[in-house]
Amino acid sequence: MFQRPPAEVRHADELAALRADDDDPRPPGWKLSLRAARRFIVGDEQAGISRKFVGNVSLVERALVTLATNRGLMLVGEPGTAKSLLSELIAAAVSGSSALTVQGGAATTEDQIKYSWNYALLVSEGPSARSLVPAPMLRGMAEGRIVRFEEITRCPLEVQDCLLSLLSDRVITVPELHGPQGLVFARQGFNVIATANTRDRGVNEMSAALKRRFNFETVFPIADFETELDLVEAESATLLRQSGVEPPPRRDVLEVLVGTFRELRGTAAQGERMSTVMSTAEAVSVAHAVGVRAWFLRGEPGAAADVVACLAGTAAKDSPEDLARLRRFLEQEARRRPGPQWQALHEARHLLAD
């Protein structure tokens, strides 16, 4: 069993059902119409389509409309706001595959974006279509599919700017090849979804020229407590089943966990804001760890004490002050909250690792 199959595998039955019933007009090269793609992402209870992205439906609609044009889509926001998940879901709906992905970073090169060479064939035969090794961008253009570019602002500026002519002219030139083989034109259906964290601004800020090739959409944290709690419960339950943990997560324990995260990231008036991003994705990871810890060490569902024991690795990533903030929250705020799990959280504060 795979740890995390791609969206087109996890939701293959839903995609097949949507394609079979999709009579709406669709943009050239798309596997689904815009309305069917929207239903795949935000769900349709009557049709048995699950909700996969918890966010603004109008954001999803604008993203799909952008990709039906010749402008790329840039998803920006705080870490852990499901930008990558949204890009994966959109690519699976539009192209039937989310596999064409470039992971941005300091070591990313232009070869990893466009193409490289099989050097054994290159030496023996010279430049040829057979010795060319296509990277995600060349494959996306040749096959008419969506390409995902994760963490684009982590890449050096000169690497980012290799996208300029590609997004404008919709062609990749391979100077080593002559004639038609040296030009790869974008087929209908090709486009680019890039993601960038707002906390990375200033690392390798995009040039104005590259920004003009994209429409920007901001993905915000989940505003509603119950919605976030439901998401953490569903996602952590899935992860726990995959990890061999039998009991599902306790909702009352998750209420304390999600409430702590919301307080510490500053969504509540009395919260002490952390420099570490206390995102929904991090809350899911902690809930997963809580369930694993309790089941494999004691054979029980997770409790508030397990939450305390698993929080330090999340809270103390960026600043030593964050651990002190978390400790103050457990000592001063948790004991004021009503309910047995909040009191258990306060009483377990000594389990917080130094």
# chains A, B, ... in the order shown; residues from 1 in each chain; ligands from 1
call {"tool": "residues_around", "arguments": {"residues": "segment 88-96 of chain A", "least_positions_apart": "4", "cutoff": "8 Å", "atoms": "only C-alpha atoms", "output": "PyMOL selection string"}}
result
chain A and resi 6-8+15+29-32+37+40-41+64+84+144-148+189
call {"tool": "write_last_selection", "arguments": {"atoms": "N, CA, C and O atoms", "output": "PDB file, in the first residue's frame"}}
result
ATOM      1  N   PRO A   6      -1.519   9.648  -5.295  1.00  0.00           N
ATOM      2  CA  PRO A   6      -1.934  10.951  -5.817  1.00  0.00           C
ATOM      3  C   PRO A   6      -3.456  11.046  -5.919  1.00  0.00           C
ATOM      4  O   PRO A   6      -4.168  10.036  -5.853  1.00  0.00           O
ATOM      5  N   ALA A   7      -3.927  12.264  -6.082  1.00  0.00           N
ATOM      6  CA  ALA A   7      -5.372  12.511  -6.068  1.00  0.00           C
ATOM      7  C   ALA A   7      -6.104  11.707  -7.119  1.00  0.00           C
ATOM      8  O   ALA A   7      -7.216  11.218  -6.883  1.00  0.00           O
ATOM      9  N   GLU A   8      -5.499  11.544  -8.294  1.00  0.00           N
ATOM     10  CA  GLU A   8      -6.172  10.809  -9.373  1.00  0.00           C
ATOM     11  C   GLU A   8      -6.302   9.324  -9.055  1.00  0.00           C
ATOM     12  O   GLU A   8      -7.142   8.631  -9.642  1.00  0.00           O
ATOM     13  N   LEU A  15     -13.659  10.552 -10.217  1.00  0.00           N
ATOM     14  CA  LEU A  15     -13.273  11.156 -11.498  1.00  0.00           C
ATOM     15  C   LEU A  15     -13.932  10.422 -12.664  1.00  0.00           C
ATOM     16  O   LEU A  15     -14.418  11.055 -13.614  1.00  0.00           O
ATOM     17  N   GLY A  29      -8.572  20.407 -24.434  1.00  0.00           N
ATOM     18  CA  GLY A  29      -7.527  19.676 -23.733  1.00  0.00           C
ATOM     19  C   GLY A  29      -7.883  19.267 -22.318  1.00  0.00           C
ATOM     20  O   GLY A  29      -7.110  18.560 -21.675  1.00  0.00           O
ATOM     21  N   TRP A  30      -9.038  19.693 -21.809  1.00  0.00           N
ATOM     22  CA  TRP A  30      -9.435  19.368 -20.435  1.00  0.00           C
ATOM     23  C   TRP A  30     -10.161  18.025 -20.383  1.00  0.00           C
ATOM     24  O   TRP A  30     -10.904  17.666 -21.299  1.00  0.00           O
ATOM     25  N   LYS A  31      -9.969  17.288 -19.286  1.00  0.00           N
ATOM     26  CA  LYS A  31     -10.661  16.020 -19.072  1.00  0.00           C
ATOM     27  C   LYS A  31     -12.071  16.228 -18.535  1.00  0.00           C
ATOM     28  O   LYS A  31     -12.933  15.369 -18.700  1.00  0.00           O
ATOM     29  N   LEU A  32     -12.294  17.360 -17.842  1.00  0.00           N
ATOM     30  CA  LEU A  32     -13.595  17.675 -17.280  1.00  0.00           C
ATOM     31  C   LEU A  32     -13.977  19.100 -17.636  1.00  0.00           C
ATOM     32  O   LEU A  32     -13.107  19.943 -17.894  1.00  0.00           O
ATOM     33  N   ALA A  37     -15.222  19.920 -12.758  1.00  0.00           N
ATOM     34  CA  ALA A  37     -13.981  20.060 -11.985  1.00  0.00           C
ATOM     35  C   ALA A  37     -14.261  20.721 -10.644  1.00  0.00           C
ATOM     36  O   ALA A  37     -13.703  20.315  -9.609  1.00  0.00           O
ATOM     37  N   PHE A  40     -15.792  18.189  -8.359  1.00  0.00           N
ATOM     38  CA  PHE A  40     -14.782  17.244  -7.866  1.00  0.00           C
ATOM     39  C   PHE A  40     -14.035  17.812  -6.676  1.00  0.00           C
ATOM     40  O   PHE A  40     -13.738  17.098  -5.711  1.00  0.00           O
ATOM     41  N   ILE A  41     -13.738  19.097  -6.702  1.00  0.00           N
ATOM     42  CA  ILE A  41     -12.916  19.715  -5.661  1.00  0.00           C
ATOM     43  C   ILE A  41     -13.738  20.081  -4.428  1.00  0.00           C
ATOM     44  O   ILE A  41     -13.337  19.783  -3.298  1.00  0.00           O
ATOM     45  N   LEU A  64      -9.958  27.881 -11.680  1.00  0.00           N
ATOM     46  CA  LEU A  64     -10.266  27.101 -12.874  1.00  0.00           C
ATOM     47  C   LEU A  64     -10.411  27.996 -14.101  1.00  0.00           C
ATOM     48  O   LEU A  64      -9.942  27.648 -15.192  1.00  0.00           O
ATOM     49  N   SER A  84      -0.867  23.286  -1.885  1.00  0.00           N
ATOM     50  CA  SER A  84      -0.400  22.143  -2.673  1.00  0.00           C
ATOM     51  C   SER A  84      -1.531  21.156  -2.930  1.00  0.00           C
ATOM     52  O   SER A  84      -1.638  20.591  -4.023  1.00  0.00           O
ATOM     53  N   GLY A 144      -0.040  18.457 -23.330  1.00  0.00           N
ATOM     54  CA  GLY A 144      -1.205  19.289 -23.039  1.00  0.00           C
ATOM     55  C   GLY A 144      -1.765  19.049 -21.655  1.00  0.00           C
ATOM     56  O   GLY A 144      -2.968  18.827 -21.475  1.00  0.00           O
ATOM     57  N   ARG A 145      -0.875  19.112 -20.644  1.00  0.00           N
ATOM     58  CA  ARG A 145      -1.292  18.840 -19.269  1.00  0.00           C
ATOM     59  C   ARG A 145      -0.841  19.950 -18.333  1.00  0.00           C
ATOM     60  O   ARG A 145       0.058  20.732 -18.660  1.00  0.00           O
ATOM     61  N   ILE A 146      -1.454  19.983 -17.150  1.00  0.00           N
ATOM     62  CA  ILE A 146      -1.111  20.953 -16.119  1.00  0.00           C
ATOM     63  C   ILE A 146       0.214  20.554 -15.480  1.00  0.00           C
ATOM     64  O   ILE A 146       0.443  19.386 -15.156  1.00  0.00           O
ATOM     65  N   VAL A 147       1.087  21.553 -15.269  1.00  0.00           N
ATOM     66  CA  VAL A 147       2.344  21.348 -14.546  1.00  0.00           C
ATOM     67  C   VAL A 147       2.267  22.114 -13.238  1.00  0.00           C
ATOM     68  O   VAL A 147       1.882  23.287 -13.216  1.00  0.00           O
ATOM     69  N   ARG A 148       2.619  21.447 -12.139  1.00  0.00           N
ATOM     70  CA  ARG A 148       2.628  22.080 -10.817  1.00  0.00           C
ATOM     71  C   ARG A 148       4.057  22.487 -10.472  1.00  0.00           C
ATOM     72  O   ARG A 148       4.983  21.678 -10.592  1.00  0.00           O
ATOM     73  N   GLY A 189      -4.556  22.530 -23.281  1.00  0.00           N
ATOM     74  CA  GLY A 189      -4.641  21.904 -21.972  1.00  0.00           C
ATOM     75  C   GLY A 189      -3.447  22.200 -21.090  1.00  0.00           C
ATOM     76  O   GLY A 189      -3.513  22.035 -19.874  1.00  0.00           O
TER      77      GLY A 189
END
call {"tool": "select_by_dssp", "arguments": {"residues": "segment 82-325 of chain A", "states": "strand (DSSP E)", "output": "CSV table (one decimal) with C-alpha atoms, in the first residue's frame"}}
result
chain,number,residue,atom,x,y,z
A,101,THR,CA,5.5,18.5,-10.6
A,102,VAL,CA,8.6,20.6,-10.1
A,103,GLN,CA,9.7,21.0,-6.4
A,115,TYR,CA,14.8,19.0,-20.2
A,116,SER,CA,18.2,17.3,-19.7
A,117,TRP,CA,20.2,14.6,-21.7
A,132,LEU,CA,16.6,14.0,-24.8
A,133,VAL,CA,15.2,13.5,-21.3
A,134,PRO,CA,12.0,15.6,-20.9
A,146,ILE,CA,-1.1,21.0,-16.1
A,147,VAL,CA,2.3,21.3,-14.5
A,148,ARG,CA,2.6,22.1,-10.8
A,149,PHE,CA,5.5,24.2,-9.6
A,150,GLU,CA,5.8,24.0,-5.8
A,171,VAL,CA,7.2,26.9,-26.8
A,172,ILE,CA,10.4,25.3,-25.6
A,173,THR,CA,13.4,25.6,-27.9
A,183,LEU,CA,10.7,23.2,-31.1
A,184,VAL,CA,8.2,21.8,-28.6
A,185,PHE,CA,4.9,23.8,-28.8
A,191,ASN,CA,-0.8,25.5,-18.1
A,192,VAL,CA,1.1,26.1,-14.9
A,193,ILE,CA,0.0,26.1,-11.3
A,194,ALA,CA,2.7,27.6,-9.0
A,195,THR,CA,2.6,27.9,-5.2
A,196,ALA,CA,4.5,30.3,-2.8
A,197,ASN,CA,4.4,30.8,0.9
A,214,PHE,CA,0.3,34.7,-13.4
A,215,ASN,CA,-3.0,35.5,-11.8
A,216,PHE,CA,-2.5,35.5,-8.0
A,217,GLU,CA,-5.0,33.9,-5.6
A,218,THR,CA,-4.6,33.9,-1.8
call {"tool": "atom_distance", "arguments": {"atom1": "atom CA of Arg265 of chain A", "atom2": "atom CA of Trp295 of chain A"}}
result
28.5 Å
call {"tool": "residues_around", "arguments": {"residues": "His346 of chain A", "least_positions_apart": "5", "cutoff": "9 Å", "atoms": "only C-alpha atoms", "output": "list of chain:residue names"}}
result
A:Ala304, A:Ala305, A:Val308, A:Phe329, A:Leu330, A:Glu331, A:Gln332, A:Glu333, A:Ala334, A:Arg335, A:Gln341
call {"tool": "residues_around", "arguments": {"residues": "Val232 of chain A", "least_positions_apart": "3", "cutoff": "9 Å", "atoms": "only C-alpha atoms", "output": "MDAnalysis selection string"}}
result
chainID A and resid 227:229 235:237 254 258 280:281 283:285 287
call {"tool": "atom_distance", "arguments": {"atom1": "atom CA of Val286 of chain A", "atom2": "atom CA of Asp322 of chain A"}}
result
16.3 Å
call {"tool": "closest_residue", "arguments": {"among": "A:Ala234, A:Thr108, A:Glu176, A:Gly140", "to": "Gly126 of chain A", "atoms": "only C-alpha atoms"}}
result
A:Glu176
call {"tool": "residues_around", "arguments": {"residues": "segment 299-302 of chain A", "least_positions_apart": "3", "cutoff": "10 Å", "atoms": "only C-alpha atoms", "output": "VMD selection string"}}
result
chain A and resid 245 to 250 253 to 254 287 to 296 305 to 307
call {"tool": "write_last_selection", "arguments": {"atoms": "C-alpha atoms", "output": "PDB file, in the first residue's frame"}}
result
ATOM      1  CA  VAL A 245      -4.045   2.380  14.683  1.00  0.00           C
ATOM      2  CA  GLU A 246      -7.437   0.830  15.427  1.00  0.00           C
ATOM      3  CA  PRO A 247      -9.349   3.416  17.502  1.00  0.00           C
ATOM      4  CA  PRO A 248     -10.335   6.654  15.760  1.00  0.00           C
ATOM      5  CA  PRO A 249      -9.217   9.970  17.290  1.00  0.00           C
ATOM      6  CA  ARG A 250     -11.337  11.230  20.169  1.00  0.00           C
ATOM      7  CA  VAL A 253      -9.230  15.586  22.515  1.00  0.00           C
ATOM      8  CA  LEU A 254      -9.162  17.043  19.015  1.00  0.00           C
ATOM      9  CA  ALA A 287      -3.296  14.505  15.880  1.00  0.00           C
ATOM     10  CA  HIS A 288      -1.729  11.651  13.930  1.00  0.00           C
ATOM     11  CA  ALA A 289       1.233  11.519  16.319  1.00  0.00           C
ATOM     12  CA  VAL A 290      -1.089  11.616  19.341  1.00  0.00           C
ATOM     13  CA  GLY A 291      -3.009   8.586  18.109  1.00  0.00           C
ATOM     14  CA  VAL A 292       0.139   6.646  17.209  1.00  0.00           C
ATOM     15  CA  ARG A 293       1.772   7.421  20.566  1.00  0.00           C
ATOM     16  CA  ALA A 294      -1.218   6.347  22.633  1.00  0.00           C
ATOM     17  CA  TRP A 295      -2.021   3.196  20.660  1.00  0.00           C
ATOM     18  CA  PHE A 296       1.427   1.723  20.263  1.00  0.00           C
ATOM     19  CA  ALA A 305      -1.479  14.343  27.877  1.00  0.00           C
ATOM     20  CA  ASP A 306      -0.406  12.917  24.510  1.00  0.00           C
ATOM     21  CA  VAL A 307      -1.212  16.266  22.909  1.00  0.00           C
TER      22      VAL A 307
END
call {"tool": "atom_distance", "arguments": {"atom1": "atom CA of Gln188 of chain A", "atom2": "atom CA of Leu67 of chain A"}}
result
11.1 Å
call {"tool": "residues_around", "arguments": {"residues": "Met206 of chain A", "least_positions_apart": "6", "cutoff": "12 Å", "atoms": "only C-alpha atoms", "output": "PDB file with N, CA, C and O atoms, in the first residue's frame"}}
result
ATOM      1  N   MET A  74      -1.096  31.353  -9.724  1.00  0.00           N
ATOM      2  CA  MET A  74      -0.199  31.414  -8.578  1.00  0.00           C
ATOM      3  C   MET A  74      -1.025  31.368  -7.300  1.00  0.00           C
ATOM      4  O   MET A  74      -1.851  32.253  -7.056  1.00  0.00           O
ATOM      5  N   GLU A 151       6.559  25.792  -4.436  1.00  0.00           N
ATOM      6  CA  GLU A 151       7.542  26.651  -3.756  1.00  0.00           C
ATOM      7  C   GLU A 151       8.444  27.375  -4.762  1.00  0.00           C
ATOM      8  O   GLU A 151       9.666  27.344  -4.661  1.00  0.00           O
ATOM      9  N   ILE A 152       7.835  28.062  -5.686  1.00  0.00           N
ATOM     10  CA  ILE A 152       8.605  28.689  -6.759  1.00  0.00           C
ATOM     11  C   ILE A 152       9.560  29.753  -6.231  1.00  0.00           C
ATOM     12  O   ILE A 152      10.648  29.951  -6.778  1.00  0.00           O
ATOM     13  N   THR A 153       9.201  30.434  -5.151  1.00  0.00           N
ATOM     14  CA  THR A 153      10.078  31.486  -4.619  1.00  0.00           C
ATOM     15  C   THR A 153      11.285  30.929  -3.872  1.00  0.00           C
ATOM     16  O   THR A 153      12.145  31.703  -3.448  1.00  0.00           O
ATOM     17  N   ARG A 154      11.352  29.620  -3.704  1.00  0.00           N
ATOM     18  CA  ARG A 154      12.553  29.015  -3.135  1.00  0.00           C
ATOM     19  C   ARG A 154      13.645  28.843  -4.191  1.00  0.00           C
ATOM     20  O   ARG A 154      14.786  28.534  -3.858  1.00  0.00           O
ATOM     21  N   CYS A 155      13.300  29.011  -5.450  1.00  0.00           N
ATOM     22  CA  CYS A 155      14.263  28.829  -6.544  1.00  0.00           C
ATOM     23  C   CYS A 155      15.052  30.113  -6.778  1.00  0.00           C
ATOM     24  O   CYS A 155      14.534  31.218  -6.593  1.00  0.00           O
ATOM     25  N   PRO A 156      16.301  29.995  -7.241  1.00  0.00           N
ATOM     26  CA  PRO A 156      17.059  31.193  -7.619  1.00  0.00           C
ATOM     27  C   PRO A 156      16.339  31.969  -8.720  1.00  0.00           C
ATOM     28  O   PRO A 156      15.589  31.392  -9.524  1.00  0.00           O
ATOM     29  N   LEU A 157      16.580  33.277  -8.765  1.00  0.00           N
ATOM     30  CA  LEU A 157      15.872  34.126  -9.724  1.00  0.00           C
ATOM     31  C   LEU A 157      16.123  33.716 -11.162  1.00  0.00           C
ATOM     32  O   LEU A 157      15.216  33.747 -12.001  1.00  0.00           O
ATOM     33  N   GLU A 158      17.369  33.329 -11.476  1.00  0.00           N
ATOM     34  CA  GLU A 158      17.656  32.956 -12.862  1.00  0.00           C
ATOM     35  C   GLU A 158      16.920  31.689 -13.267  1.00  0.00           C
ATOM     36  O   GLU A 158      16.601  31.495 -14.448  1.00  0.00           O
ATOM     37  N   VAL A 159      16.631  30.813 -12.291  1.00  0.00           N
ATOM     38  CA  VAL A 159      15.857  29.608 -12.592  1.00  0.00           C
ATOM     39  C   VAL A 159      14.390  29.974 -12.790  1.00  0.00           C
ATOM     40  O   VAL A 159      13.726  29.484 -13.708  1.00  0.00           O
ATOM     41  N   GLN A 160      13.870  30.837 -11.925  1.00  0.00           N
ATOM     42  CA  GLN A 160      12.488  31.293 -12.101  1.00  0.00           C
ATOM     43  C   GLN A 160      12.282  31.908 -13.480  1.00  0.00           C
ATOM     44  O   GLN A 160      11.283  31.655 -14.158  1.00  0.00           O
ATOM     45  N   ASP A 161      13.239  32.711 -13.909  1.00  0.00           N
ATOM     46  CA  ASP A 161      13.053  33.470 -15.143  1.00  0.00           C
ATOM     47  C   ASP A 161      13.134  32.618 -16.397  1.00  0.00           C
ATOM     48  O   ASP A 161      12.816  33.102 -17.491  1.00  0.00           O
ATOM     49  N   CYS A 162      13.517  31.349 -16.281  1.00  0.00           N
ATOM     50  CA  CYS A 162      13.463  30.488 -17.457  1.00  0.00           C
ATOM     51  C   CYS A 162      12.015  30.227 -17.871  1.00  0.00           C
ATOM     52  O   CYS A 162      11.762  29.732 -18.975  1.00  0.00           O
ATOM     53  N   LEU A 163      11.056  30.572 -16.985  1.00  0.00           N
ATOM     54  CA  LEU A 163       9.644  30.399 -17.327  1.00  0.00           C
ATOM     55  C   LEU A 163       9.093  31.538 -18.170  1.00  0.00           C
ATOM     56  O   LEU A 163       8.003  31.415 -18.739  1.00  0.00           O
ATOM     57  N   LEU A 164       9.814  32.644 -18.259  1.00  0.00           N
ATOM     58  CA  LEU A 164       9.267  33.836 -18.910  1.00  0.00           C
ATOM     59  C   LEU A 164       8.859  33.567 -20.361  1.00  0.00           C
ATOM     60  O   LEU A 164       7.704  33.763 -20.745  1.00  0.00           O
ATOM     61  N   ALA A 194       1.533  27.416  -9.865  1.00  0.00           N
ATOM     62  CA  ALA A 194       2.672  27.606  -8.958  1.00  0.00           C
ATOM     63  C   ALA A 194       2.150  27.914  -7.564  1.00  0.00           C
ATOM     64  O   ALA A 194       1.040  28.433  -7.396  1.00  0.00           O
ATOM     65  N   THR A 195       2.949  27.575  -6.559  1.00  0.00           N
ATOM     66  CA  THR A 195       2.606  27.908  -5.179  1.00  0.00           C
ATOM     67  C   THR A 195       3.770  28.641  -4.527  1.00  0.00           C
ATOM     68  O   THR A 195       4.931  28.431  -4.888  1.00  0.00           O
ATOM     69  N   ALA A 196       3.439  29.512  -3.584  1.00  0.00           N
ATOM     70  CA  ALA A 196       4.474  30.251  -2.848  1.00  0.00           C
ATOM     71  C   ALA A 196       3.936  30.596  -1.472  1.00  0.00           C
ATOM     72  O   ALA A 196       2.763  30.972  -1.322  1.00  0.00           O
ATOM     73  N   ASP A 200       7.871  33.206   2.772  1.00  0.00           N
ATOM     74  CA  ASP A 200       9.097  33.129   1.988  1.00  0.00           C
ATOM     75  C   ASP A 200       9.345  34.388   1.172  1.00  0.00           C
ATOM     76  O   ASP A 200      10.300  34.456   0.414  1.00  0.00           O
ATOM     77  N   ARG A 212       3.665  39.013 -13.997  1.00  0.00           N
ATOM     78  CA  ARG A 212       2.658  39.370 -14.995  1.00  0.00           C
ATOM     79  C   ARG A 212       2.146  38.154 -15.755  1.00  0.00           C
ATOM     80  O   ARG A 212       1.086  38.218 -16.382  1.00  0.00           O
ATOM     81  N   ARG A 213       2.873  37.062 -15.704  1.00  0.00           N
ATOM     82  CA  ARG A 213       2.430  35.839 -16.401  1.00  0.00           C
ATOM     83  C   ARG A 213       1.429  35.038 -15.575  1.00  0.00           C
ATOM     84  O   ARG A 213       0.902  34.035 -16.050  1.00  0.00           O
ATOM     85  N   PHE A 214       1.172  35.452 -14.333  1.00  0.00           N
ATOM     86  CA  PHE A 214       0.295  34.696 -13.444  1.00  0.00           C
ATOM     87  C   PHE A 214      -0.857  35.551 -12.949  1.00  0.00           C
ATOM     88  O   PHE A 214      -0.726  36.768 -12.784  1.00  0.00           O
TER      89      PHE A 214
END
call {"tool": "closest_residue", "arguments": {"among": "A:Gly339, A:Pro320, A:Gly48, A:Pro221", "to": "Phe261 of chain A", "atoms": "only C-alpha atoms"}}
result
A:Pro221
call {"tool": "select_by_dssp", "arguments": {"residues": "segment 234-325 of chain A", "states": "helix (DSSP H, G or I)", "output": "VMD selection string"}}
result
chain A and resid 234 to 242 251 to 264 280 to 298 304 to 315 320 to 325
call {"tool": "closest_residue", "arguments": {"among": "A:His178, A:Ala303, A:Arg298, A:Ala223", "to": "Arg251 of chain A", "atoms": "only C-alpha atoms"}}
result
A:Ala303
